[in-house]
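Undergrad: Let me begin by handing over the structure; questions about it come next.
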Amino acid sequence: MISVERAVRADVPILAELIGEIEAYYGGTPSDDEYADQITALLFGAHPVAHVLLARAEDRQVLGMASYSFLWPAAGAETSLYLKELFVRPDARKRGVGRALMDALGQAAAETGCSRVEWTADHDNPAALAFYTALGAQPHNGKIFYRVQARRSGFPLTP
């Protein structure tokens, strides 16, 4: 049995661990201590910037997470739920964890009046692409994704 619940401040250590695992997956060097401070400020501070759902096994072990925020405007003056990161620990994959997290995201979107759920996926991650296709999602080819590094002085930003 998999349960999905919203992360709370007491989950900061496991969130830091998961962020470290994600960073390692992408080739970075994790720093759980640094992440814990950032997570506390960004998720549980005066102005939270995102929300996190945690998937847990019956023994409360964390199997995966989904982080999301809200975008406005979506269609007209409506909002959308934007999934930033879906991560399932390697030993928990293919056990319904990702599906449980996606179902919970859909429920969160409905409960908050969102008109849609949106996300991106890496072209070089065939497992993720197959997972989203199996859920019935279709790629949206109408947008091009851009990224630049932010600077305090504004534009021009550095690529």
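Each chain in the structure tokens gets a letter, A, B and so on, in the order shown; residues start at 1 in every chain, and ligands are counted from 1 in the order they appear.
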Env of Ala128 (chain A): 12 Å cut, atoms = only C-alpha atoms, seq-sep filter 4 positions within chain, self excluded. Answer as a PyMOL selection string.

TA: chain A and resi 85-88+93-94+98-99+119-124+132-135+137

Undergrad: Could you write out, as a ChimeraX atom specification, all the residues of chain A that DSSP marks as strand (DSSP E)?

TA: /A:3-6,51-56,62-71,80-88,116-119

Undergrad: Set the distance at 6 Å and use only C-alpha atoms: which residues neighbour region 54-58 of chain A once local chain neighbours fewer than 5 positions away are removed? I'd like the list as a list in words.

TA: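 Everything that qualifies: Met1, Ile2, Ser3, Val4, Glu5, Leu63, Gly64 and Met65 of chain A.
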
Undergrad: Do you know which residues are at most 12 Å from Gln107 (chain A) counting only C-alpha atoms, after dropping those on the same chain fewer than 5 positions away, and could you put them as a list in words?

TA: Val4, Glu5, Leu53, Leu81, Ala100, Leu101, Met102, Thr112, Gly113, Cys114, Ser115, Arg116 and Val117 of chain A

Undergrad: Would you mind listing what lies within 12 Å of Gln38 (chain A) as a list in words, with only C-alpha atoms counted and same-chain residues fewer than 6 positions away left out?

TA: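 Result of the neighbour search: Val12, Pro13, Leu15, Ala16, Ile19, Ser31, Asp32, Phe44, Gly45, Pro48 and Val49 of chain A.
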
Undergrad: I need the chosen residues saved as a compact mmCIF listing (two decimals), in the first residue's frame, with all heavy atoms.

TA:
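Result file follows (selection16.txt):
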```
# COMPACT_ATOMS: atom_id res chain seq x y z
N VAL A 12 11.80 17.77 6.36
CA VAL A 12 12.95 18.44 5.75
C VAL A 12 14.15 17.51 5.62
O VAL A 12 14.78 17.47 4.55
CB VAL A 12 13.31 19.75 6.49
CG1 VAL A 12 14.67 20.28 6.05
CG2 VAL A 12 12.22 20.79 6.23
N PRO A 13 14.54 16.71 6.62
CA PRO A 13 15.71 15.84 6.42
C PRO A 13 15.54 14.85 5.26
O PRO A 13 16.47 14.66 4.47
CB PRO A 13 15.84 15.11 7.76
CG PRO A 13 15.22 16.05 8.75
CD PRO A 13 14.07 16.68 8.02
N LEU A 15 13.51 15.25 2.69
CA LEU A 15 13.49 16.05 1.47
C LEU A 15 14.90 16.40 1.03
O LEU A 15 15.22 16.33 -0.16
CB LEU A 15 12.66 17.31 1.68
CG LEU A 15 11.15 17.11 1.81
CD1 LEU A 15 10.48 18.39 2.28
CD2 LEU A 15 10.56 16.64 0.50
N ALA A 16 15.76 16.75 1.98
CA ALA A 16 17.16 17.06 1.65
C ALA A 16 17.84 15.83 1.06
O ALA A 16 18.61 15.93 0.10
CB ALA A 16 17.90 17.55 2.89
N ILE A 19 16.50 15.40 -2.52
CA ILE A 19 17.09 16.40 -3.42
C ILE A 19 18.53 16.03 -3.73
O ILE A 19 18.99 16.18 -4.87
CB ILE A 19 16.99 17.82 -2.81
CG1 ILE A 19 15.53 18.24 -2.68
CG2 ILE A 19 17.78 18.84 -3.63
CD1 ILE A 19 14.77 18.36 -3.98
N SER A 31 24.54 18.03 -1.24
CA SER A 31 24.94 18.65 0.02
C SER A 31 23.71 18.73 0.93
O SER A 31 23.05 19.76 0.99
CB SER A 31 25.50 20.04 -0.24
OG SER A 31 25.72 20.71 0.97
N ASP A 32 23.39 17.63 1.62
CA ASP A 32 22.18 17.55 2.43
C ASP A 32 22.05 18.68 3.44
O ASP A 32 20.97 19.21 3.66
CB ASP A 32 22.10 16.22 3.17
CG ASP A 32 21.84 15.05 2.22
OD1 ASP A 32 21.76 15.26 1.00
OD2 ASP A 32 21.71 13.92 2.72
N PHE A 44 8.73 26.19 3.74
CA PHE A 44 8.03 26.41 5.00
C PHE A 44 8.26 27.79 5.58
O PHE A 44 7.93 28.06 6.72
CB PHE A 44 8.43 25.32 6.00
CG PHE A 44 8.21 23.94 5.45
CD1 PHE A 44 9.28 23.14 5.09
CD2 PHE A 44 6.93 23.44 5.26
CE1 PHE A 44 9.09 21.88 4.56
CE2 PHE A 44 6.72 22.17 4.74
CZ PHE A 44 7.81 21.39 4.38
N GLY A 45 8.82 28.69 4.79
CA GLY A 45 9.06 30.06 5.24
C GLY A 45 7.83 30.93 5.06
O GLY A 45 6.73 30.45 4.79
N PRO A 48 6.14 30.56 0.87
CA PRO A 48 6.49 29.28 0.23
C PRO A 48 6.44 29.40 -1.30
O PRO A 48 5.53 30.03 -1.85
CB PRO A 48 5.41 28.32 0.72
CG PRO A 48 4.86 28.94 1.96
CD PRO A 48 4.99 30.43 1.76
N VAL A 49 7.43 28.80 -1.96
CA VAL A 49 7.50 28.88 -3.41
C VAL A 49 7.03 27.60 -4.10
O VAL A 49 6.86 27.59 -5.32
CB VAL A 49 8.93 29.23 -3.90
CG1 VAL A 49 9.36 30.59 -3.36
CG2 VAL A 49 9.92 28.15 -3.50
```

Undergrad: What is the distance, in Å and to one decimal place, between CA of Val52 (chain A) and CA of Asn141 (chain A)?

TA: 27.1 Å

Undergrad: Calculated over only C-alpha atoms, which of the candidates A:Thr40, A:Asp59, A:Asp103, A:Val148 has the smallest distance to Val8 (chain A)?

TA: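 Selected residue with least distance to Val8 (chain A): A:Thr40.
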
Undergrad: Just the number, please: distance in Å from CA of Pro139 (chain A) to CA of Glu118 (chain A), one decimal.

TA: 10.3 Å

Undergrad: Determine the nearest neighbour of Ala127 (chain A) from the options A:Gly27, A:Pro90, A:Gly20, A:Pro73, counting only C-alpha atoms.

TA: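 Selected residue with least distance to Ala127 (chain A): A:Pro90.
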
Undergrad: In terms of the shortest atom-to-atom distance over only C-alpha atoms, which of A:Ala24, A:Leu83, A:Ala150, A:Ala92 is closest to Ala108 (chain A)?

TA: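 Of A:Ala24, A:Leu83, A:Ala150, A:Ala92, the one nearest Ala108 (chain A), counting only C-alpha atoms, is A:Leu83.
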
Undergrad: Running DSSP on the backbone, which parts of region 68-147 of chain A land in helix (DSSP H, G or I), as number ranges by chain?

TA: A: 90-92, 97-111, 126-134

Undergrad: Measuring atom to atom with only C-alpha atoms, identify which of A:Ala75, A:Gly136, A:Tyr35, A:Ala7 is nearest to Val62 (chain A).

TA: A:Ala7

Undergrad: Which residue, A:Gly106, A:Asn125, A:Ala66, A:His51, has the smallest gap to Tyr26 (chain A) when you use only C-alpha atoms?

TA: A:Asn125

Undergrad: Rounded to one decimal in Å, what is the spacing between CA of Thr79 (chain A) and CA of Gln138 (chain A)?

TA: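 Atom-to-atom, CA of Thr79 (chain A) and CA of Gln138 (chain A) are spaced 20.0 Å apart.
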